[in-house]
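*Asks:* You'll find entry-v8.cif just under this line, and it carries mmCIF, C-alpha atoms and all ligand atoms.
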data_start
loop_
_atom_site.group_PDB
_atom_site.id
_atom_site.type_symbol
_atom_site.label_atom_id
_atom_site.label_comp_id
_atom_site.auth_asym_id
_atom_site.auth_seq_id
_atom_site.Cartn_x
_atom_site.Cartn_y
_atom_site.Cartn_z
ATOM 1 C CA MET A 1 97.031 116.239 82.233
ATOM 2 C CA THR A 2 93.752 116.723 80.400
ATOM 3 C CA LYS A 3 91.613 119.501 81.752
ATOM 4 C CA GLN A 4 88.116 118.797 83.051
ATOM 5 C CA LYS A 5 85.427 119.745 80.508
ATOM 6 C CA VAL A 6 83.119 122.329 82.040
ATOM 7 C CA LEU A 7 80.097 123.986 80.435
ATOM 8 C CA ILE A 8 79.265 127.429 81.840
ATOM 9 C CA THR A 9 75.762 128.738 81.222
ATOM 10 C CA GLY A 10 75.680 132.529 81.377
ATOM 11 C CA MET A 11 79.423 132.707 80.707
ATOM 12 C CA ALA A 12 79.082 136.119 79.012
ATOM 13 C CA GLY A 13 77.720 137.678 82.212
ATOM 14 C CA ARG A 14 79.385 139.263 85.212
ATOM 15 C CA ILE A 15 80.191 136.127 87.221
ATOM 16 C CA GLY A 16 80.729 134.035 84.081
ATOM 17 C CA THR A 17 83.409 136.515 82.994
ATOM 18 C CA VAL A 18 85.072 136.341 86.426
ATOM 19 C CA ALA A 19 85.095 132.533 86.150
ATOM 20 C CA HIS A 20 86.410 132.218 82.628
ATOM 21 C CA THR A 21 89.065 134.928 82.934
ATOM 22 C CA ARG A 22 90.442 133.589 86.234
ATOM 23 C CA LEU A 23 90.073 129.816 85.766
ATOM 24 C CA ALA A 24 90.638 129.241 82.041
ATOM 25 C CA ASP A 25 94.120 127.779 82.625
ATOM 26 C CA LYS A 26 92.656 125.069 84.822
ATOM 27 C CA TYR A 27 89.488 123.965 83.001
ATOM 28 C CA ASP A 28 88.360 123.308 79.430
ATOM 29 C CA PHE A 29 85.444 125.762 79.288
ATOM 30 C CA THR A 30 82.566 125.888 76.818
ATOM 31 C CA SER A 31 79.981 128.669 76.881
ATOM 32 C CA LEU A 32 76.201 128.406 76.641
ATOM 33 C CA ASP A 33 74.599 131.838 76.587
ATOM 34 C CA ASN A 34 72.253 134.041 74.587
ATOM 35 C CA VAL A 35 75.347 135.823 73.346
ATOM 36 C CA GLN A 36 78.764 134.829 71.979
ATOM 37 C CA VAL A 37 81.834 134.533 74.229
ATOM 38 C CA ASP A 38 85.003 135.072 72.194
ATOM 39 C CA ASN A 39 87.959 132.682 72.383
ATOM 40 C CA PHE A 40 85.899 129.786 73.784
ATOM 41 C CA PRO A 41 83.660 127.169 72.138
ATOM 42 C CA SER A 42 80.363 129.016 72.297
ATOM 43 C CA HIS A 43 76.790 127.727 71.970
ATOM 44 C CA ILE A 44 74.310 130.525 71.448
ATOM 45 C CA ALA A 45 70.863 129.444 72.619
ATOM 46 C CA ASP A 46 68.035 130.367 74.966
ATOM 47 C CA LEU A 47 67.890 128.003 77.956
ATOM 48 C CA ALA A 48 64.096 127.989 77.705
ATOM 49 C CA ASP A 49 64.380 126.327 74.270
ATOM 50 C CA PHE A 50 65.342 122.729 75.070
ATOM 51 C CA GLU A 51 65.983 121.633 71.480
ATOM 52 C CA ALA A 52 68.273 124.610 70.899
ATOM 53 C CA MET A 53 70.364 124.236 74.073
ATOM 54 C CA ARG A 54 70.525 120.433 74.476
ATOM 55 C CA SER A 55 73.602 119.647 72.329
ATOM 56 C CA ALA A 56 75.831 122.004 74.366
ATOM 57 C CA PHE A 57 75.844 119.403 77.167
ATOM 58 C CA ASP A 58 77.267 116.484 75.165
ATOM 59 C CA GLY A 59 80.689 115.416 76.427
ATOM 60 C CA GLN A 60 80.670 117.785 79.429
ATOM 61 C CA GLU A 61 81.662 116.509 82.885
ATOM 62 C CA THR A 62 80.495 119.478 84.928
ATOM 63 C CA VAL A 63 77.999 122.274 84.337
ATOM 64 C CA VAL A 64 78.293 125.626 86.106
ATOM 65 C CA HIS A 65 74.780 126.994 85.743
ATOM 66 C CA LEU A 66 74.906 130.784 86.041
ATOM 67 C CA ALA A 67 72.466 131.891 83.310
ATOM 68 C CA ALA A 68 69.350 133.468 84.746
ATOM 69 C CA GLU A 69 67.386 136.648 85.038
ATOM 70 C CA PRO A 70 69.395 138.106 87.955
ATOM 71 C CA SER A 71 67.087 140.955 89.069
ATOM 72 C CA ALA A 72 65.570 140.327 92.482
ATOM 73 C CA ASP A 73 62.361 142.149 91.505
ATOM 74 C CA ALA A 74 61.886 140.821 87.963
ATOM 75 C CA PRO A 75 58.294 139.930 87.017
ATOM 76 C CA TRP A 76 56.964 136.375 87.264
ATOM 77 C CA GLU A 77 56.763 135.749 83.489
ATOM 78 C CA VAL A 78 60.471 136.582 83.038
ATOM 79 C CA ILE A 79 61.462 134.457 86.047
ATOM 80 C CA LEU A 80 59.334 131.538 84.884
ATOM 81 C CA ARG A 81 60.966 131.439 81.454
ATOM 82 C CA ASN A 82 64.626 132.106 82.292
ATOM 83 C CA ASN A 83 65.029 130.730 85.803
ATOM 84 C CA ILE A 84 62.466 127.983 86.262
ATOM 85 C CA ILE A 85 62.032 126.499 82.768
ATOM 86 C CA GLY A 86 65.701 127.308 82.044
ATOM 87 C CA THR A 87 66.924 125.456 85.148
ATOM 88 C CA TYR A 88 64.609 122.496 84.512
ATOM 89 C CA ASN A 89 66.071 122.253 80.987
ATOM 90 C CA VAL A 90 69.634 122.424 82.362
ATOM 91 C CA MET A 91 68.924 119.516 84.739
ATOM 92 C CA LYS A 92 67.178 117.453 82.051
ATOM 93 C CA ALA A 93 69.975 118.042 79.510
ATOM 94 C CA SER A 94 72.604 117.233 82.182
ATOM 95 C CA ARG A 95 70.905 113.928 82.944
ATOM 96 C CA GLU A 96 70.511 112.964 79.293
ATOM 97 C CA SER A 97 74.151 113.681 78.499
ATOM 98 C CA GLY A 98 75.728 112.069 81.590
ATOM 99 C CA VAL A 99 76.993 115.221 83.322
ATOM 100 C CA LYS A 100 78.410 114.283 86.741
ATOM 101 C CA ARG A 101 77.941 117.543 88.632
ATOM 102 C CA VAL A 102 75.909 120.748 88.338
ATOM 103 C CA VAL A 103 77.119 123.836 90.226
ATOM 104 C CA PHE A 104 74.153 126.173 90.578
ATOM 105 C CA ALA A 105 74.158 129.935 91.140
ATOM 106 C CA SER A 106 71.597 130.371 93.904
ATOM 107 C CA THR A 107 71.351 133.577 95.896
ATOM 108 C CA ASN A 108 71.269 135.191 99.328
ATOM 109 C CA HIS A 109 67.739 136.316 98.337
ATOM 110 C CA VAL A 110 66.544 132.783 99.200
ATOM 111 C CA VAL A 111 66.831 134.091 102.778
ATOM 112 C CA GLY A 112 66.469 137.732 101.712
ATOM 113 C CA ASN A 113 63.580 138.460 104.030
ATOM 114 C CA ILE A 114 65.648 137.581 107.105
ATOM 115 C CA PRO A 115 67.454 140.959 107.191
ATOM 116 C CA MET A 116 64.138 142.660 106.294
ATOM 117 C CA LYS A 117 62.050 140.991 109.015
ATOM 118 C CA GLU A 118 64.195 139.473 111.756
ATOM 119 C CA GLU A 119 66.316 140.959 114.511
ATOM 120 C CA PRO A 120 69.222 141.136 114.993
ATOM 121 C CA TYR A 121 69.816 140.938 111.222
ATOM 122 C CA LYS A 122 67.466 143.875 110.580
ATOM 123 C CA SER A 123 69.912 146.159 112.344
ATOM 124 C CA ILE A 124 72.396 145.598 109.516
ATOM 125 C CA TYR A 125 69.827 146.381 106.813
ATOM 126 C CA GLU A 126 68.552 149.449 108.669
ATOM 127 C CA ASP A 127 72.073 150.659 109.391
ATOM 128 C CA ARG A 128 71.574 150.543 113.178
ATOM 129 C CA LEU A 129 74.986 149.045 113.642
ATOM 130 C CA GLU A 130 75.414 150.459 117.103
ATOM 131 C CA ASN A 131 72.640 148.050 118.130
ATOM 132 C CA GLN A 132 74.210 145.070 116.460
ATOM 133 C CA PRO A 133 75.469 142.407 118.832
ATOM 134 C CA MET A 134 79.151 141.688 118.449
ATOM 135 C CA SER A 135 78.333 138.278 117.144
ATOM 136 C CA VAL A 136 75.047 137.187 115.561
ATOM 137 C CA PRO A 137 74.020 133.559 115.005
ATOM 138 C CA MET A 138 74.966 132.680 111.453
ATOM 139 C CA VAL A 139 72.073 131.993 109.054
ATOM 140 C CA THR A 140 72.451 128.418 107.790
ATOM 141 C CA ALA A 141 71.503 126.881 104.446
ATOM 142 C CA GLU A 142 68.525 125.007 105.901
ATOM 143 C CA ARG A 143 66.680 128.324 106.086
ATOM 144 C CA HIS A 144 64.391 129.706 103.367
ATOM 145 C CA ARG A 145 62.737 133.123 103.662
ATOM 146 C CA PRO A 146 62.513 134.320 100.041
ATOM 147 C CA ASP A 147 61.964 137.969 99.197
ATOM 148 C CA GLY A 148 60.333 137.595 95.760
ATOM 149 C CA TYR A 149 59.767 135.434 92.684
ATOM 150 C CA TYR A 150 63.461 135.585 91.797
ATOM 151 C CA ALA A 151 64.351 134.148 95.206
ATOM 152 C CA ILE A 152 61.610 131.526 94.880
ATOM 153 C CA SER A 153 63.031 130.458 91.511
ATOM 154 C CA LYS A 154 66.411 129.899 93.177
ATOM 155 C CA SER A 155 64.767 127.834 95.941
ATOM 156 C CA PHE A 156 63.197 125.825 93.113
ATOM 157 C CA GLY A 157 66.671 125.364 91.600
ATOM 158 C CA GLU A 158 68.012 124.040 94.903
ATOM 159 C CA GLN A 159 65.072 121.636 95.211
ATOM 160 C CA ILE A 160 65.252 120.274 91.665
ATOM 161 C CA GLY A 161 68.968 119.750 92.292
ATOM 162 C CA SER A 162 68.184 117.741 95.426
ATOM 163 C CA TYR A 163 65.672 115.649 93.479
ATOM 164 C CA TYR A 164 68.056 114.978 90.571
ATOM 165 C CA TYR A 165 70.781 113.973 93.041
ATOM 166 C CA ASP A 166 68.489 111.485 94.801
ATOM 167 C CA GLU A 167 66.818 110.204 91.653
ATOM 168 C CA TYR A 168 69.648 110.222 89.079
ATOM 169 C CA GLY A 169 72.843 110.554 91.160
ATOM 170 C CA ILE A 170 73.938 113.877 89.658
ATOM 171 C CA SER A 171 76.047 115.771 92.187
ATOM 172 C CA PHE A 172 74.627 119.243 92.824
ATOM 173 C CA ILE A 173 76.262 122.132 94.648
ATOM 174 C CA ALA A 174 74.164 125.259 95.127
ATOM 175 C CA LEU A 175 75.992 128.494 95.885
ATOM 176 C CA ARG A 176 73.928 131.116 97.686
ATOM 177 C CA ILE A 177 75.918 133.997 96.271
ATOM 178 C CA GLY A 178 76.088 137.325 98.098
ATOM 179 C CA GLY A 179 76.848 140.347 95.919
ATOM 180 C CA VAL A 180 79.278 140.523 92.985
ATOM 181 C CA ASN A 181 79.611 143.818 91.145
ATOM 182 C CA GLU A 182 81.545 144.682 88.021
ATOM 183 C CA GLU A 183 83.803 147.138 89.874
ATOM 184 C CA ASN A 184 84.811 144.419 92.375
ATOM 185 C CA SER A 185 84.412 147.023 95.123
ATOM 186 C CA PRO A 186 82.382 146.893 98.342
ATOM 187 C CA TRP A 187 82.706 150.551 99.206
ATOM 188 C CA THR A 188 79.793 151.927 97.196
ATOM 189 C CA MET A 189 77.292 149.671 98.991
ATOM 190 C CA GLY A 190 75.551 150.148 102.341
ATOM 191 C CA PRO A 191 76.135 147.904 105.372
ATOM 192 C CA LEU A 192 73.946 145.109 103.969
ATOM 193 C CA GLY A 193 75.992 145.262 100.769
ATOM 194 C CA ARG A 194 79.189 145.026 102.798
ATOM 195 C CA SER A 195 77.837 142.016 104.645
ATOM 196 C CA LEU A 196 77.005 140.283 101.333
ATOM 197 C CA TYR A 197 80.045 141.314 99.273
ATOM 198 C CA LEU A 198 81.733 138.560 97.270
ATOM 199 C CA SER A 199 84.981 139.691 95.635
ATOM 200 C CA HIS A 200 86.015 138.467 92.199
ATOM 201 C CA GLN A 201 88.953 136.584 93.711
ATOM 202 C CA ASP A 202 86.679 134.793 96.208
ATOM 203 C CA ALA A 203 83.984 134.146 93.553
ATOM 204 C CA ALA A 204 86.521 132.422 91.298
ATOM 205 C CA HIS A 205 87.843 130.440 94.280
ATOM 206 C CA LEU A 206 84.269 129.392 95.193
ATOM 207 C CA ILE A 207 83.543 128.147 91.666
ATOM 208 C CA ASP A 208 86.929 126.408 91.522
ATOM 209 C CA CYS A 209 86.244 124.651 94.868
ATOM 210 C CA SER A 210 82.798 123.561 93.633
ATOM 211 C CA ILE A 211 84.054 122.118 90.345
ATOM 212 C CA GLY A 212 86.964 120.402 92.086
ATOM 213 C CA ALA A 213 85.188 119.079 95.192
ATOM 214 C CA PRO A 214 85.493 115.294 95.567
ATOM 215 C CA PRO A 215 82.614 113.080 94.346
ATOM 216 C CA SER A 216 81.808 112.384 98.023
ATOM 217 C CA VAL A 217 80.250 115.863 98.043
ATOM 218 C CA GLY A 218 77.030 114.644 96.494
ATOM 219 C CA PHE A 219 74.557 117.391 97.329
ATOM 220 C CA ALA A 220 75.294 120.629 99.138
ATOM 221 C CA ILE A 221 73.962 124.146 99.586
ATOM 222 C CA VAL A 222 76.529 126.694 100.757
ATOM 223 C CA TYR A 223 76.821 130.468 101.036
ATOM 224 C CA GLY A 224 79.235 132.266 98.726
ATOM 225 C CA ILE A 225 80.290 135.411 100.550
ATOM 226 C CA SER A 226 83.672 136.972 101.288
ATOM 227 C CA ASN A 227 85.032 136.877 104.825
ATOM 228 C CA ASN A 228 83.198 140.109 105.656
ATOM 229 C CA GLN A 229 83.189 141.607 109.120
ATOM 230 C CA LEU A 230 79.430 142.280 108.855
ATOM 231 C CA ARG A 231 78.452 138.920 107.442
ATOM 232 C CA PHE A 232 75.656 136.919 109.023
ATOM 233 C CA HIS A 233 75.573 133.939 106.638
ATOM 234 C CA ASP A 234 77.413 130.725 107.509
ATOM 235 C CA ILE A 235 80.492 130.261 105.326
ATOM 236 C CA GLU A 236 82.197 127.758 107.633
ATOM 237 C CA THR A 237 80.150 124.927 106.098
ATOM 238 C CA ALA A 238 81.503 125.837 102.660
ATOM 239 C CA GLY A 239 84.999 125.633 104.145
ATOM 240 C CA ASP A 240 84.338 122.199 105.640
ATOM 241 C CA LEU A 241 82.541 120.733 102.621
ATOM 242 C CA ILE A 242 84.320 122.139 99.580
ATOM 243 C CA GLY A 243 87.418 123.899 100.975
ATOM 244 C CA TYR A 244 86.172 127.467 100.372
ATOM 245 C CA HIS A 245 88.371 129.888 102.310
ATOM 246 C CA PRO A 246 87.687 133.481 101.199
ATOM 247 C CA GLN A 247 90.553 135.981 101.356
ATOM 248 C CA ASP A 248 88.688 139.298 101.099
ATOM 249 C CA ASN A 249 86.705 141.361 103.607
ATOM 250 C CA ALA A 250 84.472 144.337 102.795
ATOM 251 C CA GLY A 251 85.161 145.945 106.182
ATOM 252 C CA ILE A 252 82.694 147.724 108.452
HETATM 253 N N1 LIG B 301 75.910 139.212 90.623
HETATM 254 C C1 LIG B 301 75.417 138.958 91.819
HETATM 255 O O1 LIG B 301 75.636 139.737 92.758
HETATM 256 C C2 LIG B 301 74.626 137.696 92.082
HETATM 257 C C3 LIG B 301 74.199 137.449 93.399
HETATM 258 C C4 LIG B 301 73.496 136.283 93.666
HETATM 259 C C5 LIG B 301 73.236 135.384 92.644
HETATM 260 N N2 LIG B 301 73.645 135.681 91.367
HETATM 261 C C6 LIG B 301 73.326 134.708 90.316
HETATM 262 O O2 LIG B 301 74.513 134.399 89.612
HETATM 263 C C7 LIG B 301 74.219 134.185 88.235
HETATM 264 C C8 LIG B 301 75.083 135.087 87.377
HETATM 265 O O3 LIG B 301 74.833 136.442 87.741
HETATM 266 P P1 LIG B 301 75.489 137.649 86.932
HETATM 267 O O4 LIG B 301 75.541 138.799 87.866
HETATM 268 O O5 LIG B 301 76.732 137.195 86.256
HETATM 269 O O6 LIG B 301 74.339 137.926 85.871
HETATM 270 P P2 LIG B 301 74.461 138.552 84.400
HETATM 271 O O7 LIG B 301 73.117 139.106 84.061
HETATM 272 O O8 LIG B 301 75.658 139.445 84.305
HETATM 273 O O9 LIG B 301 74.740 137.281 83.500
HETATM 274 C C9 LIG B 301 73.728 136.356 83.174
HETATM 275 C C10 LIG B 301 74.073 135.750 81.834
HETATM 276 O O10 LIG B 301 73.089 134.760 81.539
HETATM 277 C C11 LIG B 301 72.631 134.901 80.213
HETATM 278 N N3 LIG B 301 71.231 134.460 80.160
HETATM 279 C C12 LIG B 301 70.196 134.915 80.913
HETATM 280 N N4 LIG B 301 69.067 134.280 80.590
HETATM 281 C C13 LIG B 301 69.402 133.374 79.634
HETATM 282 C C14 LIG B 301 68.661 132.406 78.897
HETATM 283 N N5 LIG B 301 67.331 132.244 79.059
HETATM 284 N N6 LIG B 301 69.328 131.652 77.985
HETATM 285 C C15 LIG B 301 70.660 131.803 77.791
HETATM 286 N N7 LIG B 301 71.409 132.707 78.452
HETATM 287 C C16 LIG B 301 70.783 133.494 79.362
HETATM 288 C C17 LIG B 301 72.783 136.384 79.882
HETATM 289 O O11 LIG B 301 72.945 136.594 78.465
HETATM 290 C C18 LIG B 301 74.061 136.751 80.674
HETATM 291 O O12 LIG B 301 75.224 136.595 79.883
HETATM 292 C C19 LIG B 301 72.723 134.403 88.082
HETATM 293 O O13 LIG B 301 72.079 133.158 88.143
HETATM 294 C C20 LIG B 301 72.350 135.243 89.282
HETATM 295 O O14 LIG B 301 71.010 135.036 89.655
HETATM 296 C C21 LIG B 301 74.323 136.802 91.068
#
Just give me the structure of the file as structure tokens.
Ligand SMILES: NC(=O)c1ccc[n+]([C@@H]2O[C@H](COP(=O)([O-])OP(=O)(O)OC[C@H]3O[C@@H](n4cnc5c(N)ncnc54)[C@H](O)[C@@H]3O)[C@@H](O)[C@H]2O)c1
*Replies:*
Amino acid sequence: MTKQKVLITGMAGRIGTVAHTRLADKYDFTSLDNVQVDNFPSHIADLADFEAMRSAFDGQETVVHLAAEPSADAPWEVILRNNIIGTYNVMKASRESGVKRVVFASTNHVVGNIPMKEEPYKSIYEDRLENQPMSVPMVTAERHRPDGYYAISKSFGEQIGSYYYDEYGISFIALRIGGVNEENSPWTMGPLGRSLYLSHQDAAHLIDCSIGAPPSVGFAIVYGISNNQLRFHDIETAGDLIGYHPQDNAGI
């Protein structure tokens, strides 16, 4: 069987490496990044330069859009170029080249001010776990409470995806990713980190589910977090919509 052709932007990065090392047997990956990825067809271009990045999209069925400035406190000028203009260019190039689905790396920071400002979630951030109710209402994907320009750029990504789905019929699945570190270990983080932890195994599974979800999943926003004891983001919807069933748990 021929493998689905999938372009990964940001494939040289942390999550891109998790995806291409764990899923390469299943998909025909091409990289689009500022830097070379060995052993894969590799387009080297800046996403903010439309003419330079456009040809990478030809012949691709799905785009996994990971490339971005990933720092939550990066300055506006950096966010504007990499995350806002970059994501606009990804959507425009996808439309022009007939891509069927874009999987977008959004972030928990879209609702990042919930644990900063709202009880009972604040008790996790402030490490007052003895005050934490046994079960907190899960934060759903309808909510937005961004904690900076980075988070706002990811809200923008979700909204341009909604618009391109309605206007041009491109399927769009936004993943509000928790926390993925290179060590693949939750134990160095505080309680908020353990609530947000996404293991490499679960991250690869999440991306696999998103690429492989049936066409009936037109537009969706889901949280990408392991099955953590301290989690307060809804992952059941991801299970229902795309079959995401995380195996790992960062513990308490
Ligand atoms: N790692 C996490 O915990 C986490 C959490 C939530 C969301 N995310 C999101 O997931 C995505 C991947 O995160 P990561 O941790 O792998 O980041 P990373 O910094 O390790 O990788 C990003 C990659 O994108 C490339 N890139 C950045 N700007 C580019 C541009 N303008 N043109 C071309 N290439 C560009 C970089 O060269 C790099 O290879 C990002 O969109 C990030 O915002 C990550």
*Asks:* Closest to A:Ser135 among A:Leu230, A:Ala67, A:Ile160, A:Ile235, using all atoms listed in the file?
*Replies:*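 Nearest to A:Ser135: A:Leu230.
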*Asks:* Residues up to 9 Å from ligand LIG 301 (chain B), counting all atoms listed in the file: could you list those as a PyMOL selection string?
*Replies:* chain A and resi 9-18+32-37+44-49+53+65-72+81-83+85-86+104-109+150-151+154+175-182+196-198+224
*Asks:* Please write as an mmCIF file with C-alpha atoms, in the coordinates of the input the full residue list that the PyMOL selection byres (((chain A and resi 241) around 10) and not hetatm) yields on this file.
*Replies:*
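Done, and the output landed in expr_37.cif:
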data_model
loop_
_atom_site.group_PDB
_atom_site.id
_atom_site.type_symbol
_atom_site.label_atom_id
_atom_site.label_comp_id
_atom_site.auth_asym_id
_atom_site.auth_seq_id
_atom_site.Cartn_x
_atom_site.Cartn_y
_atom_site.Cartn_z
ATOM 1 C CA CYS A 209 86.244 124.651 94.868
ATOM 2 C CA SER A 210 82.798 123.561 93.633
ATOM 3 C CA ALA A 213 85.188 119.079 95.192
ATOM 4 C CA PRO A 214 85.493 115.294 95.567
ATOM 5 C CA SER A 216 81.808 112.384 98.023
ATOM 6 C CA VAL A 217 80.250 115.863 98.043
ATOM 7 C CA ALA A 220 75.294 120.629 99.138
ATOM 8 C CA ILE A 221 73.962 124.146 99.586
ATOM 9 C CA VAL A 222 76.529 126.694 100.757
ATOM 10 C CA GLU A 236 82.197 127.758 107.633
ATOM 11 C CA THR A 237 80.150 124.927 106.098
ATOM 12 C CA ALA A 238 81.503 125.837 102.660
ATOM 13 C CA GLY A 239 84.999 125.633 104.145
ATOM 14 C CA ASP A 240 84.338 122.199 105.640
ATOM 15 C CA ILE A 242 84.320 122.139 99.580
ATOM 16 C CA GLY A 243 87.418 123.899 100.975
ATOM 17 C CA TYR A 244 86.172 127.467 100.372
#
*Asks:* Using all atoms listed in the file, which of the listed residues (A:Tyr223, A:Tyr125, A:Phe57, A:Phe40) sits closest to A:Arg143?
*Replies:* A:Tyr223
*Asks:* Please expand the PyMOL selection byres (((chain A and resi 115) around 12) and not hetatm) into the concrete residues it hits in this file, giving the result as a PyMOL selection string.
*Replies:* chain A and resi 108-114+116-127+136+138-139+145-147+191-193+195-196+231-233
*Asks:* What would the file look like if the residues just selected were written as a short mmCIF file (atom, residue, chain, number, x, y, z; two decimals), keeping the file's coordinate frame with C-alpha atoms?
*Replies:*
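Printed below is result-v1.cif as written:
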data_model
loop_
_atom_site.label_atom_id
_atom_site.label_comp_id
_atom_site.auth_asym_id
_atom_site.auth_seq_id
_atom_site.Cartn_x
_atom_site.Cartn_y
_atom_site.Cartn_z
CA ASN A 108 71.27 135.19 99.33
CA HIS A 109 67.74 136.32 98.34
CA VAL A 110 66.54 132.78 99.20
CA VAL A 111 66.83 134.09 102.78
CA GLY A 112 66.47 137.73 101.71
CA ASN A 113 63.58 138.46 104.03
CA ILE A 114 65.65 137.58 107.10
CA MET A 116 64.14 142.66 106.29
CA LYS A 117 62.05 140.99 109.02
CA GLU A 118 64.19 139.47 111.76
CA GLU A 119 66.32 140.96 114.51
CA PRO A 120 69.22 141.14 114.99
CA TYR A 121 69.82 140.94 111.22
CA LYS A 122 67.47 143.88 110.58
CA SER A 123 69.91 146.16 112.34
CA ILE A 124 72.40 145.60 109.52
CA TYR A 125 69.83 146.38 106.81
CA GLU A 126 68.55 149.45 108.67
CA ASP A 127 72.07 150.66 109.39
CA VAL A 136 75.05 137.19 115.56
CA MET A 138 74.97 132.68 111.45
CA VAL A 139 72.07 131.99 109.05
CA ARG A 145 62.74 133.12 103.66
CA PRO A 146 62.51 134.32 100.04
CA ASP A 147 61.96 137.97 99.20
CA PRO A 191 76.14 147.90 105.37
CA LEU A 192 73.95 145.11 103.97
CA GLY A 193 75.99 145.26 100.77
CA SER A 195 77.84 142.02 104.64
CA LEU A 196 77.00 140.28 101.33
CA ARG A 231 78.45 138.92 107.44
CA PHE A 232 75.66 136.92 109.02
CA HIS A 233 75.57 133.94 106.64
#
*Asks:* Pick out the residues sitting within 6 Å of stretch 202-206 of chain A, and hand them over as a PyMOL selection string; count all atoms listed in the file, and ignore anything fewer than 2 positions along from it in its own chain.
*Replies:* chain A and resi 19+199-200+208-209+244+246
*Asks:* Carefully work through the PyMOL selection byres (((chain A and resi 41) around 9) and not hetatm) for this structure and note down the residues it includes, as a VMD selection string.
*Replies:* chain A and resid 29 to 32 37 to 40 42 to 43
*Asks:* Please, what distance in Å, to one decimal, runs between atom CA of A:Ile170 and atom CA of A:Val102?
*Replies:* 7.3 Å
*Asks:* How far is it from atom CA of A:Asp28 to atom CA of A:Val103, in Å with one decimal?
*Replies:*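 Separation between atom CA of A:Asp28 and atom CA of A:Val103: 15.6 Å.
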*Asks:* Let me have the centre and edge lengths of the axis-aligned box enclosing all listed atoms of stretch 100-105 of chain A with 6 Å padding on every side, in Å to one decimal, as lines of an AutoDock Vina configuration file.
*Replies:*
center_x = 76.3
center_y = 122.1
center_z = 88.9
size_x = 16.3
size_y = 27.7
size_z = 16.4
*Asks:* Work out how far atom CA of A:Ile8 is from atom CA of A:Pro215, in Å to one decimal.
*Replies:*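 Result for atom CA of A:Pro215 versus atom CA of A:Ile8: 19.3 Å, one decimal.
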*Asks:* Let me make sure I understand: among A:Ala174, A:Met189, A:Ile252, A:Ala74, which one has the smallest atom-to-atom distance to A:Ile207 if we use only C-alpha atoms?
*Replies:*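 Checking each candidate against A:Ile207, we get A:Ala174 as the closest.
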*Asks:* Nearest to A:Ser97 among A:His20, A:Arg128, A:Glu61, A:Glu77, with distances taken over only C-alpha atoms: which residue is it?
*Replies:*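 Checking each of A:His20, A:Arg128, A:Glu61, A:Glu77 against A:Ser97, counting only C-alpha atoms, the winner is A:Glu61.
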*Asks:* Taking only C-alpha atoms into account, name the residue in A:Glu96, A:Glu142, A:Asp248, A:Asp25 that is nearest to A:Pro186.
*Replies:*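 Among the listed residues, the smallest separation from A:Pro186 belongs to A:Asp248.
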*Asks:* Can you tell me, as a ChimeraX atom specification, what residues are no more than 12 Å from A:Arg95 when counting all atoms listed in the file, ignoring any on the same chain fewer than 5 positions away?
*Replies:* /A:54,57-63,88-90,100-102,161,163-165,167-172
*Asks:* Here is a test: counting all atoms listed in the file, which residue of A:Ala250, A:Ile211, A:Ile173, A:Tyr27 is nearest to A:Gly157?
*Replies:* A:Ile173
